[in-house]
Amino acid sequence: MQFDVQLLLLALAPLFLGCVAWEVLYWHRQGRKDIYSWRDSLCNAGLALLHQASDKLAWLLVLPLYGWLYREHRLFEIQTSWLAFGGLFLGQDFLYYWFHRASHRVRWLWAAHSVHHSSTRMNFSTAFRQSLMYPLAGMWAFWLPLAWLGFPPQQVIGVVLLNLAFQFFVHTQALPKLGWLEYVFNTPSIHRSHHARNPCYIDRNYAGVLCIWDRLFGSFVAEHDDEPCDYGTVKPVNSVNPLWVSLVEWRDMLRETWQARSWRERLVLLLGPPEAAAVISARNTSATPHTPRS
Ligand SMILES: [Zn+2]
Ligand SMILES: [Zn+2]
């Protein structure tokens, strides 16, 4: 019987839940009851289920496109081997870096990705916090070059899910810096700073598995001992309703774009960096209609 690669995350669920249980116990013994909140973690679990459903549906819809690109237009004949797997893994991790960087710098993608960052807590359950809106944002399009190069679509899906599975383990405050691994891999310390909204950490460390891309493209920052991470987004969501958390940024983005004063503003509100969109939004909402003095 062939293993359906799309079930990878589901198959690993017992391991993930075991880690959450260990971490809850660990922080309880340390007297740090602030690390976990049941409401926050239940919201994260709800978000994971919604994301799984929308992700499966998205793959059903886009697999024909992947298949067509692979069958009709692939550039190379790549035989299945460990070397080919290494190339696929490296290529997907490189594309993940750019997907993640774009997800922080392009508001349309941020509307989906902000869900992952909107909790003010950081623990293993934060990794479950994913958006059901990723398919609409267009996450699936970032891996198309891999099928075009000549990697079979099922292998592409497998490696995308492996990357996501690895990232579960970097969502914890229970592990310190990990020595030489910090130079090569995304680690809990590196990813903690990624989730922080302190000005010195914001929009840094976009790594999936390897942090070499951050070091190469100038987006790396190390966690400082004298600058504790302040987790969450600059614009707080303040809700534990998974549907509200998933949709609120889309609502804001569409409403602000509808109320914009020019096409240039609309372009920035949809495709500009989130902070530029916030400036326009603040200007447009604070502006009062001109009333002539009598
Ligand atoms: Zn991020
Ligand atoms: Zn994360």
# chains A, B, ... in the order shown; residues from 1 in each chain; ligands from 1
$ residues_near_ligand --ligand "ligand 1" --cutoff "9 Å" --atoms "only C-alpha atoms and all ligand atoms" --output "PyMOL selection string"
chain A and resi 100-101+103-104+110+113-114+116-117+191+194-195+203-207
$ write_last_selection --atoms "C-alpha atoms" --output "mmCIF file, in the first residue's frame"
data_model
loop_
_atom_site.group_PDB
_atom_site.id
_atom_site.type_symbol
_atom_site.label_atom_id
_atom_site.label_comp_id
_atom_site.auth_asym_id
_atom_site.auth_seq_id
_atom_site.Cartn_x
_atom_site.Cartn_y
_atom_site.Cartn_z
ATOM 1 C CA HIS A 100 8.060 33.721 3.768
ATOM 2 C CA ARG A 101 9.887 36.984 3.096
ATOM 3 C CA SER A 103 4.554 37.032 3.213
ATOM 4 C CA HIS A 104 5.939 39.699 5.555
ATOM 5 C CA TRP A 110 0.570 39.071 5.052
ATOM 6 C CA HIS A 113 0.494 34.824 7.184
ATOM 7 C CA SER A 114 -0.324 37.315 9.988
ATOM 8 C CA HIS A 116 0.680 32.624 12.376
ATOM 9 C CA HIS A 117 2.057 35.673 14.197
ATOM 10 C CA HIS A 191 12.535 31.499 15.165
ATOM 11 C CA HIS A 194 11.162 35.923 14.009
ATOM 12 C CA HIS A 195 7.953 35.917 16.090
ATOM 13 C CA ASP A 203 10.907 41.178 9.663
ATOM 14 C CA ARG A 204 14.010 39.057 10.166
ATOM 15 C CA ASN A 205 14.775 35.301 10.097
ATOM 16 C CA TYR A 206 12.505 33.986 7.336
ATOM 17 C CA ALA A 207 14.140 30.539 7.331
#
$ closest_atom_pairs --of "chain A" --to "ligand 2" --cutoff "10 Å" --atoms "only C-alpha atoms and all ligand atoms" --output "CSV"
residue,atom,partner,partner_atom_place_in_ligand_line,distance
A:His113,CA,ligand 2,1 (Zn),9.7
A:His116,CA,ligand 2,1 (Zn),6.4
A:His117,CA,ligand 2,1 (Zn),7.0
A:Met122,CA,ligand 2,1 (Zn),8.6
A:Asn123,CA,ligand 2,1 (Zn),9.6
A:Phe124,CA,ligand 2,1 (Zn),9.5
A:Thr126,CA,ligand 2,1 (Zn),7.0
A:Ala127,CA,ligand 2,1 (Zn),5.8
A:Phe128,CA,ligand 2,1 (Zn),9.0
A:Arg129,CA,ligand 2,1 (Zn),8.3
A:Gln130,CA,ligand 2,1 (Zn),9.2
A:Leu164,CA,ligand 2,1 (Zn),9.7
A:Gln167,CA,ligand 2,1 (Zn),7.2
A:Phe168,CA,ligand 2,1 (Zn),7.9
A:Phe169,CA,ligand 2,1 (Zn),9.6
A:Val170,CA,ligand 2,1 (Zn),7.4
A:His171,CA,ligand 2,1 (Zn),6.1
A:Thr172,CA,ligand 2,1 (Zn),9.6
A:Pro188,CA,ligand 2,1 (Zn),9.4
A:His191,CA,ligand 2,1 (Zn),6.3
A:Arg192,CA,ligand 2,1 (Zn),7.8
A:Ser193,CA,ligand 2,1 (Zn),9.7
A:His194,CA,ligand 2,1 (Zn),7.2
A:His195,CA,ligand 2,1 (Zn),6.3
A:Tyr206,CA,ligand 2,1 (Zn),9.2
A:Ala207,CA,ligand 2,1 (Zn),9.7
A:Gly208,CA,ligand 2,1 (Zn),9.1
$ write_last_selection --atoms "C-alpha atoms" --output "PDB file, in the first residue's frame"
ATOM      1  CA  HIS A 113       0.494  34.824   7.184  1.00  0.00           C
ATOM      2  CA  HIS A 116       0.680  32.624  12.376  1.00  0.00           C
ATOM      3  CA  HIS A 117       2.057  35.673  14.197  1.00  0.00           C
ATOM      4  CA  MET A 122       5.189  31.223  21.888  1.00  0.00           C
ATOM      5  CA  ASN A 123       5.044  27.477  22.455  1.00  0.00           C
ATOM      6  CA  PHE A 124       4.827  24.263  20.400  1.00  0.00           C
ATOM      7  CA  THR A 126       1.911  28.127  18.076  1.00  0.00           C
ATOM      8  CA  ALA A 127       3.182  25.992  15.179  1.00  0.00           C
ATOM      9  CA  PHE A 128      -0.423  24.809  14.609  1.00  0.00           C
ATOM     10  CA  ARG A 129      -1.442  28.402  14.016  1.00  0.00           C
ATOM     11  CA  GLN A 130      -1.842  28.494  10.231  1.00  0.00           C
ATOM     12  CA  LEU A 164       6.426  22.518   7.629  1.00  0.00           C
ATOM     13  CA  GLN A 167       9.231  23.971  11.664  1.00  0.00           C
ATOM     14  CA  PHE A 168       7.006  22.583  14.411  1.00  0.00           C
ATOM     15  CA  PHE A 169      10.120  21.983  16.518  1.00  0.00           C
ATOM     16  CA  VAL A 170      11.372  25.581  16.387  1.00  0.00           C
ATOM     17  CA  HIS A 171       8.279  26.937  18.163  1.00  0.00           C
ATOM     18  CA  THR A 172       9.440  26.716  21.768  1.00  0.00           C
ATOM     19  CA  PRO A 188      14.104  27.747  18.326  1.00  0.00           C
ATOM     20  CA  HIS A 191      12.535  31.499  15.165  1.00  0.00           C
ATOM     21  CA  ARG A 192      11.706  33.132  18.524  1.00  0.00           C
ATOM     22  CA  SER A 193      13.179  36.392  17.209  1.00  0.00           C
ATOM     23  CA  HIS A 194      11.162  35.923  14.009  1.00  0.00           C
ATOM     24  CA  HIS A 195       7.953  35.917  16.090  1.00  0.00           C
ATOM     25  CA  TYR A 206      12.505  33.986   7.336  1.00  0.00           C
ATOM     26  CA  ALA A 207      14.140  30.539   7.331  1.00  0.00           C
ATOM     27  CA  GLY A 208      12.196  27.310   6.889  1.00  0.00           C
TER      28      GLY A 208
END
$ select_by_dssp --residues "range 66-143 of chain A" --states "helix (DSSP H, G or I)" --output "PyMOL selection string"
chain A and resi 66-73+82-105+107-117+124-128+134-137+139-143
$ atom_distance --atom1 "CA of Gln155 in chain A" --atom2 "CA of Phe94 in chain A"
16.0 Å
$ residues_around --residues "range 257-274 of chain A" --least-positions-apart "2" --cutoff "8 Å" --atoms "only C-alpha atoms" --output "PDB file with N, CA and C atoms, in the first residue's frame"
ATOM      1  N   HIS A 104       5.808  38.611   4.575  1.00  0.00           N
ATOM      2  CA  HIS A 104       5.939  39.699   5.555  1.00  0.00           C
ATOM      3  C   HIS A 104       5.982  41.067   4.898  1.00  0.00           C
ATOM      4  N   ARG A 105       6.298  41.114   3.588  1.00  0.00           N
ATOM      5  CA  ARG A 105       6.511  42.408   2.946  1.00  0.00           C
ATOM      6  C   ARG A 105       5.427  42.782   1.928  1.00  0.00           C
ATOM      7  N   VAL A 106       4.538  41.833   1.599  1.00  0.00           N
ATOM      8  CA  VAL A 106       3.442  42.106   0.658  1.00  0.00           C
ATOM      9  C   VAL A 106       2.132  41.897   1.416  1.00  0.00           C
ATOM     10  N   ARG A 107       1.311  42.945   1.508  1.00  0.00           N
ATOM     11  CA  ARG A 107       0.162  42.860   2.392  1.00  0.00           C
ATOM     12  C   ARG A 107      -0.813  41.741   2.012  1.00  0.00           C
ATOM     13  N   TRP A 108      -0.994  41.476   0.721  1.00  0.00           N
ATOM     14  CA  TRP A 108      -1.910  40.420   0.282  1.00  0.00           C
ATOM     15  C   TRP A 108      -1.517  39.070   0.907  1.00  0.00           C
ATOM     16  N   TRP A 110       0.571  38.850   3.601  1.00  0.00           N
ATOM     17  CA  TRP A 110       0.570  39.071   5.052  1.00  0.00           C
ATOM     18  C   TRP A 110      -0.829  38.831   5.646  1.00  0.00           C
ATOM     19  N   MET A 253      -8.145  44.713   5.020  1.00  0.00           N
ATOM     20  CA  MET A 253      -7.469  45.026   3.756  1.00  0.00           C
ATOM     21  C   MET A 253      -8.492  45.407   2.681  1.00  0.00           C
ATOM     22  N   LEU A 254      -9.561  44.639   2.564  1.00  0.00           N
ATOM     23  CA  LEU A 254     -10.549  44.913   1.512  1.00  0.00           C
ATOM     24  C   LEU A 254     -11.314  46.205   1.811  1.00  0.00           C
ATOM     25  N   ARG A 255     -11.646  46.440   3.096  1.00  0.00           N
ATOM     26  CA  ARG A 255     -12.375  47.660   3.445  1.00  0.00           C
ATOM     27  C   ARG A 255     -11.527  48.897   3.171  1.00  0.00           C
ATOM     28  N   ALA A 276       3.366  50.392   5.318  1.00  0.00           N
ATOM     29  CA  ALA A 276       2.964  51.466   4.400  1.00  0.00           C
ATOM     30  C   ALA A 276       1.446  51.492   4.284  1.00  0.00           C
ATOM     31  N   ALA A 277       0.830  50.310   4.278  1.00  0.00           N
ATOM     32  CA  ALA A 277      -0.632  50.214   4.230  1.00  0.00           C
ATOM     33  C   ALA A 277      -1.222  50.821   5.501  1.00  0.00           C
ATOM     34  N   ALA A 278      -0.545  50.582   6.646  1.00  0.00           N
ATOM     35  CA  ALA A 278      -1.046  51.097   7.925  1.00  0.00           C
ATOM     36  C   ALA A 278      -1.028  52.623   7.942  1.00  0.00           C
ATOM     37  N   ILE A 280      -1.368  54.674   5.314  1.00  0.00           N
ATOM     38  CA  ILE A 280      -2.472  55.140   4.472  1.00  0.00           C
ATOM     39  C   ILE A 280      -3.798  54.961   5.205  1.00  0.00           C
ATOM     40  N   ASN A 284      -6.371  57.913   6.229  1.00  0.00           N
ATOM     41  CA  ASN A 284      -7.719  57.971   5.663  1.00  0.00           C
ATOM     42  C   ASN A 284      -8.811  57.884   6.719  1.00  0.00           C
TER      43      ASN A 284
END
$ atom_distance --atom1 "CA of Asn241 in chain A" --atom2 "CA of Arg121 in chain A"
15.6 Å
$ residues_around --residues "Asp34 in chain A" --least-positions-apart "4" --cutoff "12 Å" --atoms "only C-alpha atoms" --output "PyMOL selection string"
chain A and resi 24+27-28+30+38+40+120-123+173
$ atom_distance --atom1 "CA of Val184 in chain A" --atom2 "CA of Arg215 in chain A"
9.3 Å
